[in-house]
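Source file input_35.txt; content: compact mmCIF, C-alpha atoms.
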# COMPACT_ATOMS: atom_id res chain seq x y z
CA MET E 204 -6.96 -38.35 13.35
CA PRO E 205 -3.23 -37.67 12.82
CA ASP E 206 -1.42 -40.34 10.84
CA THR E 207 2.26 -40.01 11.84
CA VAL E 208 3.61 -41.72 14.95
CA GLU E 209 4.76 -38.43 16.48
CA ALA E 210 1.43 -36.71 15.88
CA LEU E 211 -0.50 -39.72 17.17
CA TYR E 212 1.63 -39.80 20.30
CA GLU E 213 0.97 -36.11 20.92
CA GLU E 214 -2.77 -36.74 20.52
CA ALA E 215 -2.66 -39.76 22.86
CA ASP E 216 -0.81 -37.77 25.51
CA ARG E 217 -3.39 -34.98 25.26
CA LEU E 218 -6.20 -37.49 25.81
CA TYR E 219 -4.32 -39.05 28.73
CA TYR E 220 -3.77 -35.73 30.51
CA ASP E 221 -7.41 -34.81 29.87
CA GLY E 222 -8.33 -37.95 31.81
CA ASP E 223 -9.73 -39.91 28.84
CA LEU E 224 -7.67 -43.03 29.48
CA ASP E 225 -9.66 -45.39 27.26
CA ARG E 226 -9.35 -43.22 24.16
CA ALA E 227 -5.69 -42.54 24.94
CA ALA E 228 -5.07 -46.29 25.11
CA GLU E 229 -6.72 -46.74 21.70
CA VAL E 230 -4.36 -44.19 20.15
CA TYR E 231 -1.27 -45.66 21.83
CA LYS E 232 -2.27 -49.06 20.42
CA ARG E 233 -2.73 -47.49 16.98
CA ILE E 234 0.86 -46.25 17.25
CA LEU E 235 2.08 -49.77 17.99
CA GLU E 236 0.26 -51.08 14.91
CA ILE E 237 2.39 -48.69 12.89
CA ASP E 238 5.61 -49.17 14.88
CA PRO E 239 5.54 -52.07 17.38
CA ASP E 240 8.86 -50.89 18.88
CA TYR E 241 7.81 -47.31 19.69
CA GLN E 242 8.88 -47.45 23.32
CA PRO E 243 7.09 -44.34 24.67
CA ALA E 244 3.73 -45.80 23.58
CA VAL E 245 4.53 -49.16 25.19
CA HIS E 246 5.45 -47.41 28.44
CA SER E 247 2.35 -45.21 28.30
CA LEU E 248 0.06 -48.22 27.95
CA GLY E 249 1.73 -49.65 31.06
CA ILE E 250 1.02 -46.40 32.92
CA ILE E 251 -2.65 -46.49 31.89
CA HIS E 252 -3.02 -50.05 33.21
CA TYR E 253 -1.27 -48.96 36.42
CA ASP E 254 -3.63 -46.00 36.80
CA GLN E 255 -6.56 -48.41 36.43
CA ASP E 256 -5.15 -50.78 39.11
CA ASP E 257 -4.65 -53.41 36.40
CA TYR E 258 -1.19 -54.37 37.57
CA GLY E 259 -0.49 -57.58 35.63
CA PRO E 260 -0.75 -55.92 32.18
CA ALA E 261 1.05 -52.87 33.58
CA VAL E 262 4.02 -55.06 34.50
CA ASP E 263 3.94 -56.74 31.08
CA TYR E 264 4.12 -53.40 29.28
CA MET E 265 6.87 -52.09 31.59
CA GLN E 266 8.97 -55.19 30.95
CA ARG E 267 8.46 -54.79 27.20
CA ALA E 268 9.44 -51.12 27.44
CA LEU E 269 12.67 -52.07 29.25
CA VAL E 270 13.59 -54.47 26.45
CA LEU E 271 13.31 -51.51 24.07
CA ASP E 272 15.18 -49.08 26.36
CA PRO E 273 16.98 -50.74 29.30
CA ASP E 274 18.20 -47.41 30.69
CA ASP E 275 14.83 -45.64 31.01
CA VAL E 276 14.69 -44.75 34.71
CA TYR E 277 11.00 -43.86 34.53
CA VAL E 278 10.13 -47.33 33.31
CA HIS E 279 12.21 -48.91 36.08
CA SER E 280 10.38 -46.74 38.62
CA ASN E 281 6.95 -47.61 37.22
CA LEU E 282 7.78 -51.31 37.09
CA GLY E 283 8.58 -51.17 40.81
CA LYS E 284 5.26 -49.45 41.55
CA SER E 285 3.37 -51.98 39.44
CA LEU E 286 4.97 -54.92 41.24
CA TYR E 287 3.96 -53.32 44.55
CA GLY E 288 0.42 -53.19 43.23
CA MET E 289 0.55 -56.86 42.22
CA VAL E 290 1.58 -57.88 45.72
CA HIS E 291 -1.14 -55.74 47.27
CA MET E 292 -3.72 -57.39 45.03
CA GLY E 293 -2.61 -60.83 46.19
CA ASP E 294 -0.31 -61.96 43.37
CA ARG E 295 2.85 -62.07 45.48
CA GLU E 296 4.38 -65.21 43.97
CA GLN E 297 4.37 -63.89 40.41
CA ALA E 298 5.56 -60.46 41.56
CA GLU E 299 8.50 -62.02 43.40
CA THR E 300 9.47 -64.09 40.35
CA ILE E 301 9.41 -61.02 38.11
CA ALA E 302 11.28 -58.91 40.67
CA ARG E 303 14.08 -61.48 41.01
CA ASP E 304 14.45 -61.59 37.22
CA TRP E 305 14.49 -57.77 37.14
CA MET E 306 17.27 -57.65 39.74
CA ARG E 307 19.24 -60.32 37.88
CA ARG E 308 19.01 -58.48 34.55
CA PHE E 309 19.79 -55.05 36.00
CA PRO E 310 22.22 -55.64 38.89
CA LYS E 311 23.57 -52.07 38.77
CA ASN E 312 20.23 -50.28 38.50
CA ARG E 313 19.51 -48.71 41.87
CA ILE E 314 15.74 -48.66 41.44
CA ALA E 315 15.71 -52.37 40.56
CA ARG E 316 17.94 -53.16 43.53
CA HIS E 317 15.78 -51.29 46.04
CA MET E 318 12.29 -52.15 44.83
CA GLY E 319 13.31 -55.68 43.91
CA ALA E 320 14.49 -56.20 47.49
CA ALA E 321 11.27 -54.64 48.79
CA VAL E 322 9.13 -57.11 46.82
CA THR E 323 11.24 -60.23 47.38
CA GLY E 324 12.80 -59.61 50.78
CA ASP E 325 16.18 -60.58 49.28
CA SER E 326 19.42 -58.64 49.91
CA LEU E 327 17.82 -56.16 52.31
CA PRO E 328 19.69 -52.82 52.08
CA ASP E 329 20.37 -50.72 55.19
CA ARG E 330 18.79 -47.68 53.53
CA ALA E 331 17.27 -46.54 50.26
CA ASN E 332 19.97 -45.40 47.86
CA ASP E 333 20.12 -41.74 46.88
CA ALA E 334 19.41 -42.35 43.18
CA TYR E 335 16.22 -44.25 43.98
CA VAL E 336 14.94 -41.55 46.35
CA ALA E 337 15.80 -38.67 44.01
CA GLN E 338 14.20 -40.38 41.01
CA THR E 339 11.07 -41.31 42.96
CA PHE E 340 10.43 -37.78 44.18
CA ASP E 341 11.51 -35.96 41.02
CA GLU E 342 8.89 -38.03 39.21
CA PHE E 343 6.30 -37.52 41.95
CA ALA E 344 6.80 -33.79 42.55
CA ASP E 345 3.99 -32.34 40.42
CA THR E 346 1.29 -34.49 42.02
CA PHE E 347 2.90 -34.91 45.46
CA GLU E 348 0.68 -32.60 47.49
CA GLU E 349 -2.51 -33.69 45.74
CA LYS E 350 -1.69 -37.33 46.43
CA LEU E 351 -0.89 -36.71 50.09
CA GLU E 352 -4.17 -34.88 50.50
CA GLU E 353 -5.93 -37.99 49.16
CA LEU E 354 -4.00 -40.07 51.71
CA GLU E 355 -5.06 -37.76 54.57
CA TYR E 356 -1.42 -37.07 55.37
CA LYS E 357 -1.05 -35.68 58.90
CA ALA E 358 2.66 -35.85 59.78
CA PRO E 359 3.47 -32.10 59.41
CA ALA E 360 0.53 -31.00 61.56
CA LEU E 361 1.23 -33.65 64.21
CA LEU E 362 4.89 -32.64 64.45
CA ALA E 363 4.10 -28.94 64.66
CA GLU E 364 1.62 -29.58 67.49
CA ALA E 365 4.18 -31.69 69.36
CA LEU E 366 6.92 -29.08 68.95
CA LYS E 367 4.73 -26.29 70.31
CA ARG E 368 4.58 -28.16 73.60
CA HIS E 369 8.37 -28.00 73.95
CA VAL E 370 9.65 -24.76 72.37
CA THR E 371 9.74 -21.60 74.45
CA ASP E 372 10.30 -18.88 71.84
CA ASP E 373 9.85 -18.09 68.16
CA GLY E 374 13.45 -17.14 67.34
CA LEU E 375 14.66 -20.60 66.42
CA ARG E 376 16.99 -21.85 63.73
CA ILE E 377 15.07 -24.80 62.28
CA LEU E 378 16.03 -27.41 59.68
CA ASP E 379 13.29 -29.13 57.68
CA ALA E 380 15.18 -32.35 56.91
CA GLY E 381 13.82 -33.97 53.76
CA CYS E 382 11.65 -30.92 53.19
CA GLY E 383 10.06 -32.06 49.92
CA THR E 384 7.71 -29.41 48.54
CA GLY E 385 7.72 -27.58 51.87
CA LEU E 386 4.51 -28.86 53.45
CA CYS E 387 5.99 -28.29 56.91
CA ALA E 388 7.16 -24.75 56.16
CA PRO E 389 3.93 -22.82 56.92
CA LEU E 390 3.71 -24.63 60.27
CA LEU E 391 7.38 -24.15 61.20
CA ALA E 392 7.89 -20.60 59.96
CA PRO E 393 6.05 -18.94 62.90
CA MET E 394 8.56 -20.58 65.28
CA ALA E 395 11.61 -19.79 63.19
CA ARG E 396 14.05 -16.93 62.98
CA ARG E 397 15.69 -18.89 60.15
CA LEU E 398 14.13 -21.87 58.38
CA GLU E 399 16.32 -24.08 56.17
CA GLY E 400 15.57 -27.18 54.12
CA ILE E 401 17.42 -30.14 52.63
CA ASP E 402 16.16 -32.65 50.07
CA LEU E 403 17.54 -35.02 47.44
CA SER E 404 14.96 -34.11 44.80
CA GLU E 405 15.59 -30.99 42.73
CA GLU E 406 11.99 -31.03 41.52
CA MET E 407 10.71 -31.00 45.09
CA LEU E 408 13.10 -28.20 46.04
CA ALA E 409 11.90 -26.11 43.10
CA LEU E 410 8.37 -26.27 44.52
CA ALA E 411 9.60 -25.56 48.06
CA ARG E 412 11.34 -22.39 46.80
CA LYS E 413 8.03 -21.05 45.55
CA ARG E 414 6.74 -20.87 49.12
CA LYS E 415 9.39 -18.21 49.90
CA LEU E 416 9.52 -19.34 53.53
CA TYR E 417 12.99 -20.90 53.56
CA LYS E 418 16.16 -18.85 53.99
CA ARG E 419 18.20 -21.66 52.49
CA LEU E 420 17.45 -24.82 50.51
CA ASP E 421 20.08 -27.42 49.60
CA LYS E 422 20.08 -30.51 47.45
CA ALA E 423 22.11 -32.93 49.53
CA GLU E 424 22.28 -36.36 51.14
CA LEU E 425 20.92 -35.84 54.63
CA THR E 426 23.44 -37.73 56.78
CA ASP E 427 26.50 -36.06 55.28
CA ALA E 428 24.88 -32.61 55.27
CA LEU E 429 23.88 -32.80 58.93
CA ALA E 430 27.25 -34.14 60.02
CA SER E 431 28.92 -31.10 58.45
CA ARG E 432 26.72 -28.60 60.36
CA ALA E 433 27.77 -29.14 63.96
CA GLY E 434 25.72 -27.25 66.56
CA ARG E 435 23.84 -25.25 63.94
CA TYR E 436 20.16 -25.85 64.72
CA ASP E 437 17.76 -25.37 67.60
CA VAL E 438 15.31 -27.79 65.99
CA VAL E 439 15.58 -30.51 63.32
CA VAL E 440 12.29 -31.79 61.89
CA ALA E 441 12.04 -35.02 59.89
CA ALA E 442 8.48 -35.58 58.69
CA ASP E 443 8.06 -38.92 56.94
CA VAL E 444 11.75 -39.00 56.02
CA LEU E 445 13.28 -41.82 58.05
CA CYS E 446 11.09 -44.35 56.24
CA TYR E 447 13.89 -44.29 53.63
CA PHE E 448 16.49 -45.30 56.24
CA GLY E 449 16.65 -48.81 57.62
CA ALA E 450 19.58 -48.57 60.04
CA LEU E 451 19.13 -45.40 62.11
CA GLU E 452 22.39 -45.11 64.03
CA ALA E 453 24.26 -42.95 61.51
CA ILE E 454 21.40 -40.57 60.74
CA PHE E 455 20.55 -40.11 64.43
CA ALA E 456 24.20 -39.38 65.22
CA ALA E 457 24.30 -36.79 62.42
CA MET E 458 21.06 -35.22 63.63
CA ARG E 459 22.40 -34.93 67.17
CA LYS E 460 25.64 -33.40 65.91
CA SER E 461 23.73 -30.73 63.98
CA LEU E 462 21.74 -29.69 67.07
CA LYS E 463 22.78 -27.11 69.63
CA LYS E 464 22.99 -28.30 73.23
CA GLY E 465 19.39 -28.70 74.37
CA GLY E 466 18.18 -28.70 70.76
CA LEU E 467 15.14 -30.69 69.71
CA LEU E 468 14.62 -33.42 67.12
CA ALA E 469 11.02 -33.95 66.00
CA LEU E 470 10.24 -36.90 63.70
CA THR E 471 7.68 -39.38 62.48
CA LEU E 472 8.41 -43.05 61.90
CA GLU E 473 6.29 -45.99 60.84
CA THR E 474 6.73 -48.59 63.59
CA ASP E 475 5.65 -52.10 64.53
CA THR E 476 6.75 -54.92 66.79
CA LEU E 477 9.33 -56.70 64.66
CA PRO E 478 11.77 -59.62 65.10
CA ALA E 479 14.49 -57.38 63.58
CA PRO E 480 15.37 -53.69 63.98
CA PHE E 481 13.67 -52.82 60.69
CA HIS E 482 11.90 -54.28 57.68
CA LEU E 483 11.62 -53.06 54.08
CA ASN E 484 7.97 -53.03 53.06
CA ILE E 485 6.82 -53.80 49.53
CA SER E 486 6.15 -50.06 49.17
CA GLY E 487 9.92 -49.46 49.26
CA ARG E 488 9.58 -47.80 52.68
CA TYR E 489 11.07 -49.05 55.94
CA VAL E 490 9.09 -49.83 59.06
CA HIS E 491 11.02 -49.89 62.36
CA ASP E 492 10.72 -51.81 65.60
CA GLY E 493 9.71 -49.36 68.33
CA GLY E 494 12.28 -50.65 70.80
CA TYR E 495 15.03 -50.29 68.20
CA VAL E 496 14.08 -46.65 67.59
CA GLU E 497 14.37 -45.90 71.31
CA SER E 498 17.74 -47.65 71.68
CA ALA E 499 19.17 -45.97 68.56
CA LEU E 500 18.14 -42.54 69.88
CA ALA E 501 19.71 -43.24 73.26
CA GLU E 502 22.92 -44.47 71.62
CA ALA E 503 23.11 -41.21 69.67
CA GLY E 504 22.69 -39.10 72.81
CA LEU E 505 19.08 -38.08 72.17
CA GLU E 506 16.59 -38.29 75.03
CA ILE E 507 12.90 -38.78 74.24
CA VAL E 508 10.70 -36.13 75.83
CA GLU E 509 7.45 -37.05 74.06
CA GLN E 510 6.20 -39.88 71.89
CA THR E 511 2.72 -40.81 70.80
CA VAL E 512 1.30 -43.35 68.37
CA GLU E 513 -0.81 -41.66 65.70
CA THR E 514 -2.35 -42.32 62.31
CA LEU E 515 0.08 -40.67 59.90
CA ARG E 516 -1.83 -41.28 56.65
CA THR E 517 -3.79 -43.95 54.81
CA GLU E 518 -2.53 -46.49 52.29
CA TYR E 519 -4.96 -48.43 50.09
CA ALA E 520 -7.67 -46.92 52.35
CA GLU E 521 -6.12 -48.48 55.47
CA PRO E 522 -4.67 -46.34 58.32
CA VAL E 523 -0.88 -46.24 58.63
CA THR E 524 0.17 -45.75 62.25
CA GLY E 525 3.51 -44.62 63.57
CA LEU E 526 5.41 -42.65 66.17
CA VAL E 527 5.32 -38.90 66.53
CA LEU E 528 8.40 -38.27 68.63
CA VAL E 529 10.31 -35.35 70.12
CA ALA E 530 13.80 -35.86 71.57
CA VAL E 531 16.34 -33.48 73.07
CA ARG E 532 20.11 -33.41 72.64
CA SER E 533 21.21 -34.45 76.10
Once you've parsed the file, please lay out its structure as structure tokens.
Amino acid sequence: MPDTVEALYEEADRLYYDGDLDRAAEVYKRILEIDPDYQPAVHSLGIIHYDQDDYGPAVDYMQRALVLDPDDVYVHSNLGKSLYGMVHMGDREQAETIARDWMRRFPKNRIARHMGAAVTGDSLPDRANDAYVAQTFDEFADTFEEKLEELEYKAPALLAEALKRHVTDDGLRILDAGCGTGLCAPLLAPMARRLEGIDLSEEMLALARKRKLYKRLDKAELTDALASRAGRYDVVVAADVLCYFGALEAIFAAMRKSLKKGGLLALTLETDTLPAPFHLNISGRYVHDGGYVESALAEAGLEIVEQTVETLRTEYAEPVTGLVLVAVRS
């Protein structure tokens, strides 16, 4: 076995990516016997515990890794995921205590602010901040489609089916808003004369470009980008995107502005009957009150022409239901 920290770390990473988590963990621990402050090995042990649904030790290692490198955005991201796992496994009280301490120690870190609020319910933001979204999906890009397949993700297919009931030709200018890796593109391209995409994650956009179905792809914040493209699109599609917006008034207004007269907005949203317009789940995603969604669309000048309640995907093997909705610029 290699005997330098760098060589051991390379060997441990190889074992990890080969799927041999137990042997990888042994090598990472050997590294820490040589150098207890070797932060990448501490972080990697946290990831292994996370992968094995062992969230308490995962959180412990992530916290230790942050002591060694407080600015490591990947550790902040993985700490948030591990706290989500703790809550799901029933250890909410401890997760909330750790999350509040995390927010206190890192008040300017945008991942800590968003995921800390998601776990604790404190200081609920109106939307996920751009840095959190970009970091989450840059990190997730390589395994994104594989993971969604495991979750039986249906939003793109459901939206395409709904749109076909309302479009009358195949010469449309369509925007895939929050396009990610381009899962909607093969379904939208047959309807489109010109298909464009916007996303915050450069890693996601790089994968979307490989499909060669988009005429234009931009890295941009969605509300500002749409507001600057008045009357440009026949159709705007937002598949599993508005779960990162709490308040919907501004994004709906921007979507309407970007549509031609009579243009269509097709979207999915996780909904429930809530005492407030929206709630930030421990996953870091927003769920919306159905009545609020309808009133926000009407306020923006968008008239619902179809809405159904469907299973959008699974989460921890449980179905996640939400709206599949088509609205027209009135």
Between E:Leu390, E:Ala210, E:Val322, E:Val276, which one has atoms that come closest to Ile485 in chain E, using all atoms listed in the file?
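Comparing E:Leu390, E:Ala210, E:Val322, E:Val276 against Ile485 in chain E, the winner is E:Val322.
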What's the 9 Å shell around range 496-512 of chain E, counting all atoms listed in the file, without same-chain residues fewer than 5 positions away, as a list in words?
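The contact residues come out as Ala365, His369, Ala450, Leu451, Glu452, Ala453, Phe455, Ala456, Ala457, Met458, Arg459, Leu467, Leu468, Leu472, Thr474, Pro480, His491, Thr524, Gly525, Leu526, Val527, Leu528, Val529, Ala530, Val531, Arg532 and Ser533 of chain E.
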To one decimal place, how far is CA of Pro260 in chain E from CA of Asn332 in chain E in Å?
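Separating CA of Pro260 in chain E from CA of Asn332 in chain E is a distance of 28.0 Å.
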With all atoms listed in the file as the atoms that count, which of E:Leu366, E:Thr323, E:Leu354, E:Leu477 lies nearest to Glu296 in chain E?
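Counting all atoms listed in the file, the residue closest to Glu296 in chain E is E:Thr323.
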Cut-off 12 Å around (3.1, -19.2, 58.5) with all atoms listed in the file: residues as a VMD selection string:
chain E and resid 363 373 385 to 395 398 414 to 417
Between CA of Asp402 in chain E and CA of Arg330 in chain E, what is the distance in Å, rounded to a tenth?
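Pair CA of Asp402 in chain E / CA of Arg330 in chain E returns 15.6 Å.
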List as an NGL selection string: which residues have an atom within 12 Å of (4.6, -52.1, 37.3), counting all atoms listed in the file?
:E and (246-269 or 277-290 or 298 or 301-302 or 305 or 315 or 318-319 or 322)
For each of E:Thr339, E:Thr384, E:Ser431, E:Thr426, take the minimum atom-to-atom distance to Leu351 in chain E, counting all atoms listed in the file, then give the residue where this is smallest.
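That would be E:Thr384, the residue with the smallest distance to Leu351 in chain E.
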Point-to-point distance from CA of Pro273 in chain E to CA of Glu236 in chain E, Å rounded to tenths
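It comes out at 22.1 Å.
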Between E:Tyr436, E:Asp275, E:Val370, E:Leu483, which is the closest to Gly400 in chain E once you count only C-alpha atoms?
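Closest candidate: E:Tyr436.
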Counting all atoms listed in the file, which residue out of E:Phe340, E:Tyr335, E:Phe448, E:Tyr212 sits closest to Asp238 in chain E?
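Counting all atoms listed in the file, the residue closest to Asp238 in chain E is E:Tyr212.
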Nearest residue to Lys311 in chain E out of E:Asp274, E:Asp345, E:Asp492, E:Glu424, using all atoms listed in the file?
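Checking each of E:Asp274, E:Asp345, E:Asp492, E:Glu424 against Lys311 in chain E, counting all atoms listed in the file, the winner is E:Asp274.
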Using the atoms already present, construct N, CA and C atoms for range 337-366 of chain E and hand them back as an mmCIF file, in the coordinates of the input.
data_model
loop_
_atom_site.group_PDB
_atom_site.id
_atom_site.type_symbol
_atom_site.label_atom_id
_atom_site.label_comp_id
_atom_site.auth_asym_id
_atom_site.auth_seq_id
_atom_site.Cartn_x
_atom_site.Cartn_y
_atom_site.Cartn_z
ATOM 1 N N ALA E 337 15.879 -39.858 44.869
ATOM 2 C CA ALA E 337 15.800 -38.670 44.010
ATOM 3 C C ALA E 337 14.891 -38.917 42.814
ATOM 4 N N GLN E 338 15.028 -40.072 42.165
ATOM 5 C CA GLN E 338 14.200 -40.380 41.010
ATOM 6 C C GLN E 338 12.725 -40.467 41.405
ATOM 7 N N THR E 339 12.446 -41.137 42.513
ATOM 8 C CA THR E 339 11.070 -41.310 42.960
ATOM 9 C C THR E 339 10.392 -39.961 43.168
ATOM 10 N N PHE E 340 11.080 -39.044 43.836
ATOM 11 C CA PHE E 340 10.430 -37.780 44.180
ATOM 12 C C PHE E 340 10.520 -36.742 43.065
ATOM 13 N N ASP E 341 11.527 -36.821 42.219
ATOM 14 C CA ASP E 341 11.510 -35.960 41.020
ATOM 15 C C ASP E 341 10.290 -36.286 40.171
ATOM 16 N N GLU E 342 10.018 -37.562 40.033
ATOM 17 C CA GLU E 342 8.890 -38.030 39.210
ATOM 18 C C GLU E 342 7.541 -37.692 39.842
ATOM 19 N N PHE E 343 7.524 -37.652 41.165
ATOM 20 C CA PHE E 343 6.300 -37.520 41.950
ATOM 21 C C PHE E 343 5.962 -36.068 42.266
ATOM 22 N N ALA E 344 6.897 -35.146 42.010
ATOM 23 C CA ALA E 344 6.800 -33.790 42.550
ATOM 24 C C ALA E 344 5.497 -33.083 42.167
ATOM 25 N N ASP E 345 5.132 -33.129 40.896
ATOM 26 C CA ASP E 345 3.990 -32.340 40.420
ATOM 27 C C ASP E 345 2.674 -32.748 41.063
ATOM 28 N N THR E 346 2.544 -34.013 41.444
ATOM 29 C CA THR E 346 1.290 -34.490 42.020
ATOM 30 C C THR E 346 1.428 -34.822 43.509
ATOM 31 N N PHE E 347 2.573 -34.502 44.091
ATOM 32 C CA PHE E 347 2.900 -34.910 45.460
ATOM 33 C C PHE E 347 1.863 -34.433 46.470
ATOM 34 N N GLU E 348 1.575 -33.141 46.472
ATOM 35 C CA GLU E 348 0.680 -32.600 47.490
ATOM 36 C C GLU E 348 -0.756 -33.069 47.282
ATOM 37 N N GLU E 349 -1.169 -33.176 46.038
ATOM 38 C CA GLU E 349 -2.510 -33.690 45.740
ATOM 39 C C GLU E 349 -2.661 -35.122 46.230
ATOM 40 N N LYS E 350 -1.633 -35.937 46.002
ATOM 41 C CA LYS E 350 -1.690 -37.330 46.430
ATOM 42 C C LYS E 350 -1.721 -37.441 47.949
ATOM 43 N N LEU E 351 -0.906 -36.635 48.637
ATOM 44 C CA LEU E 351 -0.890 -36.710 50.090
ATOM 45 C C LEU E 351 -2.207 -36.236 50.696
ATOM 46 N N GLU E 352 -2.858 -35.302 50.032
ATOM 47 C CA GLU E 352 -4.170 -34.880 50.500
ATOM 48 C C GLU E 352 -5.164 -36.039 50.400
ATOM 49 N N GLU E 353 -5.079 -36.808 49.309
ATOM 50 C CA GLU E 353 -5.930 -37.990 49.160
ATOM 51 C C GLU E 353 -5.659 -39.013 50.260
ATOM 52 N N LEU E 354 -4.392 -39.092 50.695
ATOM 53 C CA LEU E 354 -4.000 -40.070 51.710
ATOM 54 C C LEU E 354 -4.198 -39.549 53.135
ATOM 55 N N GLU E 355 -4.797 -38.362 53.255
ATOM 56 C CA GLU E 355 -5.060 -37.760 54.570
ATOM 57 C C GLU E 355 -3.779 -37.671 55.399
ATOM 58 N N TYR E 356 -2.750 -37.133 54.780
ATOM 59 C CA TYR E 356 -1.420 -37.070 55.370
ATOM 60 C C TYR E 356 -1.383 -36.058 56.510
ATOM 61 N N LYS E 357 -0.954 -36.505 57.701
ATOM 62 C CA LYS E 357 -1.050 -35.680 58.900
ATOM 63 C C LYS E 357 0.288 -35.386 59.564
ATOM 64 N N ALA E 358 1.385 -35.951 59.064
ATOM 65 C CA ALA E 358 2.660 -35.850 59.780
ATOM 66 C C ALA E 358 3.080 -34.397 60.060
ATOM 67 N N PRO E 359 3.035 -33.469 59.098
ATOM 68 C CA PRO E 359 3.470 -32.100 59.410
ATOM 69 C C PRO E 359 2.678 -31.462 60.543
ATOM 70 N N ALA E 360 1.366 -31.601 60.524
ATOM 71 C CA ALA E 360 0.530 -31.000 61.560
ATOM 72 C C ALA E 360 0.795 -31.644 62.916
ATOM 73 N N LEU E 361 0.957 -32.961 62.945
ATOM 74 C CA LEU E 361 1.230 -33.650 64.210
ATOM 75 C C LEU E 361 2.565 -33.229 64.793
ATOM 76 N N LEU E 362 3.582 -33.064 63.959
ATOM 77 C CA LEU E 362 4.890 -32.640 64.450
ATOM 78 C C LEU E 362 4.859 -31.204 64.950
ATOM 79 N N ALA E 363 4.179 -30.335 64.229
ATOM 80 C CA ALA E 363 4.100 -28.940 64.660
ATOM 81 C C ALA E 363 3.399 -28.833 66.015
ATOM 82 N N GLU E 364 2.329 -29.603 66.208
ATOM 83 C CA GLU E 364 1.620 -29.580 67.490
ATOM 84 C C GLU E 364 2.512 -30.085 68.614
ATOM 85 N N ALA E 365 3.280 -31.151 68.339
ATOM 86 C CA ALA E 365 4.180 -31.690 69.360
ATOM 87 C C ALA E 365 5.279 -30.684 69.705
ATOM 88 N N LEU E 366 5.844 -30.044 68.703
ATOM 89 C CA LEU E 366 6.920 -29.080 68.950
ATOM 90 C C LEU E 366 6.449 -27.913 69.803
#
